[in-house]
Amino acid sequence: MDDRIAATLREDPTMAALVDRHGRLAVEPADDEFARLCTSIVNQQLSTASAAAIRERFLGVLGGDPTPGRVLAADEDDLREAGLSRTKVEYLRSAAAAFRDGERDLTREGFAAADDDAVVEALTEIRGVGEWTARMYLIFALGREDVLPLGDLAVRKGLERVYNDGEDLSRAEMREIAEAWRPYRSYGTRYVWAEYES
């Protein structure tokens, strides 16, 4: 995170305190977009701890980092024994097939000219990739700097805890809070997550 981003976030006094507490957090493109998408699919609707355990077992079944070929070749029973539901196995396979499809390029290069909404639209055509997963992809696979994933429970709970003493906030109120972080809402989001998980 460079000084310009830090200066923007520090204009929000509450966020300034989080930046001081958690140090410099990065928003960078992933080395491997497909592997990052697999992580988001595995993490869907799971706590951080159980997601991490299942992800380790998933990598064990694959015998290394996820590639479309490895995911498509993996034995379904082995994937189920790793803790993946039948539905998630299907989702991972549909993502693998999409990445193998010569008609579309779902990498950073392929999306270079696309705005965030166009990326979300392209990704949500893949079975098992909803709005939440697509927004995680924008932040963690593509390194997009101005994403506010209000579909994420931890982001909403974190915003309520940090900005409203744990009391409910509407999504409109959350968007208003995050206006101060533009054009670096992905960074603000990372700080809210860090605080929520601490």
# chains A, B, ... in the order shown; residues from 1 in each chain; ligands from 1
call {"tool": "residues_around", "arguments": {"residues": "segment 166-179 of chain A", "least_positions_apart": "2", "cutoff": "12 Å", "atoms": "only C-alpha atoms", "output": "MDAnalysis selection string"}}
result
chainID A and resid 8:9 11:15 146:153 155:164 181:189 191:192 196
call {"tool": "residues_around", "arguments": {"residues": "Pro66 of chain A", "least_positions_apart": "2", "cutoff": "10 Å", "atoms": "only C-alpha atoms", "output": "MDAnalysis selection string"}}
result
chainID A and resid 32 34:39 58:59 61:64 68:72 92 96
call {"tool": "closest_atom_pairs", "arguments": {"of": "segment 4-85 of chain A", "to": "segment 108-122 of chain A", "cutoff": "10 Å", "atoms": "only C-alpha atoms", "output": "CSV"}}
result
residue,atom,partner,partner_atom,distance
A:Pro29,CA,A:Arg108,CA,7.9
A:Ala30,CA,A:Arg108,CA,9.1
A:Asp31,CA,A:Arg108,CA,9.8
A:Asp32,CA,A:Arg108,CA,9.5
A:Glu33,CA,A:Arg108,CA,7.6
call {"tool": "select_by_dssp", "arguments": {"residues": "segment 74-113 of chain A", "states": "helix (DSSP H, G or I)", "output": "VMD selection string"}}
result
chain A and resid 76 to 81 86 to 100
call {"tool": "write_last_selection", "arguments": {"atoms": "C-alpha atoms", "output": "PDB file, in the first residue's frame"}}
result
ATOM      1  CA  GLU A  76     -15.202 -37.001  -6.978  1.00  0.00           C
ATOM      2  CA  ASP A  77     -15.232 -39.309  -3.927  1.00  0.00           C
ATOM      3  CA  ASP A  78     -11.781 -38.074  -2.916  1.00  0.00           C
ATOM      4  CA  LEU A  79     -12.936 -34.475  -3.226  1.00  0.00           C
ATOM      5  CA  ARG A  80     -16.039 -35.254  -1.144  1.00  0.00           C
ATOM      6  CA  GLU A  81     -13.845 -36.916   1.521  1.00  0.00           C
ATOM      7  CA  ARG A  86     -21.293 -32.415  -4.008  1.00  0.00           C
ATOM      8  CA  THR A  87     -22.451 -28.934  -5.069  1.00  0.00           C
ATOM      9  CA  LYS A  88     -19.014 -27.386  -4.471  1.00  0.00           C
ATOM     10  CA  VAL A  89     -17.341 -30.167  -6.450  1.00  0.00           C
ATOM     11  CA  GLU A  90     -19.677 -29.245  -9.327  1.00  0.00           C
ATOM     12  CA  TYR A  91     -18.864 -25.557  -8.919  1.00  0.00           C
ATOM     13  CA  LEU A  92     -15.113 -26.199  -8.943  1.00  0.00           C
ATOM     14  CA  ARG A  93     -15.482 -28.317 -12.071  1.00  0.00           C
ATOM     15  CA  SER A  94     -17.586 -25.702 -13.850  1.00  0.00           C
ATOM     16  CA  ALA A  95     -14.932 -23.073 -12.993  1.00  0.00           C
ATOM     17  CA  ALA A  96     -12.218 -25.392 -14.357  1.00  0.00           C
ATOM     18  CA  ALA A  97     -14.185 -25.913 -17.569  1.00  0.00           C
ATOM     19  CA  ALA A  98     -14.684 -22.144 -17.925  1.00  0.00           C
ATOM     20  CA  PHE A  99     -10.941 -21.531 -17.572  1.00  0.00           C
ATOM     21  CA  ARG A 100     -10.239 -24.171 -20.187  1.00  0.00           C
TER      22      ARG A 100
END
call {"tool": "closest_residue", "arguments": {"among": "A:Leu84, A:Leu106, A:Ala180, A:Ala16", "to": "Leu46 of chain A", "atoms": "only C-alpha atoms"}}
result
A:Leu84
call {"tool": "closest_residue", "arguments": {"among": "A:Arg57, A:Arg21, A:Thr107, A:Gly128", "to": "Ala141 of chain A", "atoms": "only C-alpha atoms"}}
result
A:Thr107
call {"tool": "atom_distance", "arguments": {"atom1": "atom CA of Gly102 of chain A", "atom2": "atom CA of Gly130 of chain A"}}
result
22.0 Å
call {"tool": "closest_residue", "arguments": {"among": "A:Val19, A:Glu28, A:Ala82, A:Met136", "to": "Ser50 of chain A", "atoms": "only C-alpha atoms"}}
result
A:Ala82
call {"tool": "closest_residue", "arguments": {"among": "A:Ala51, A:Gln44, A:Ala26, A:Asp65", "to": "Glu131 of chain A", "atoms": "only C-alpha atoms"}}
result
A:Gln44
call {"tool": "atom_distance", "arguments": {"atom1": "atom CA of Ile126 of chain A", "atom2": "atom CA of Glu145 of chain A"}}
result
23.3 Å
call {"tool": "closest_residue", "arguments": {"among": "A:Ile5, A:Glu125, A:Thr133, A:Ser40", "to": "Val27 of chain A", "atoms": "only C-alpha atoms"}}
result
A:Ile5
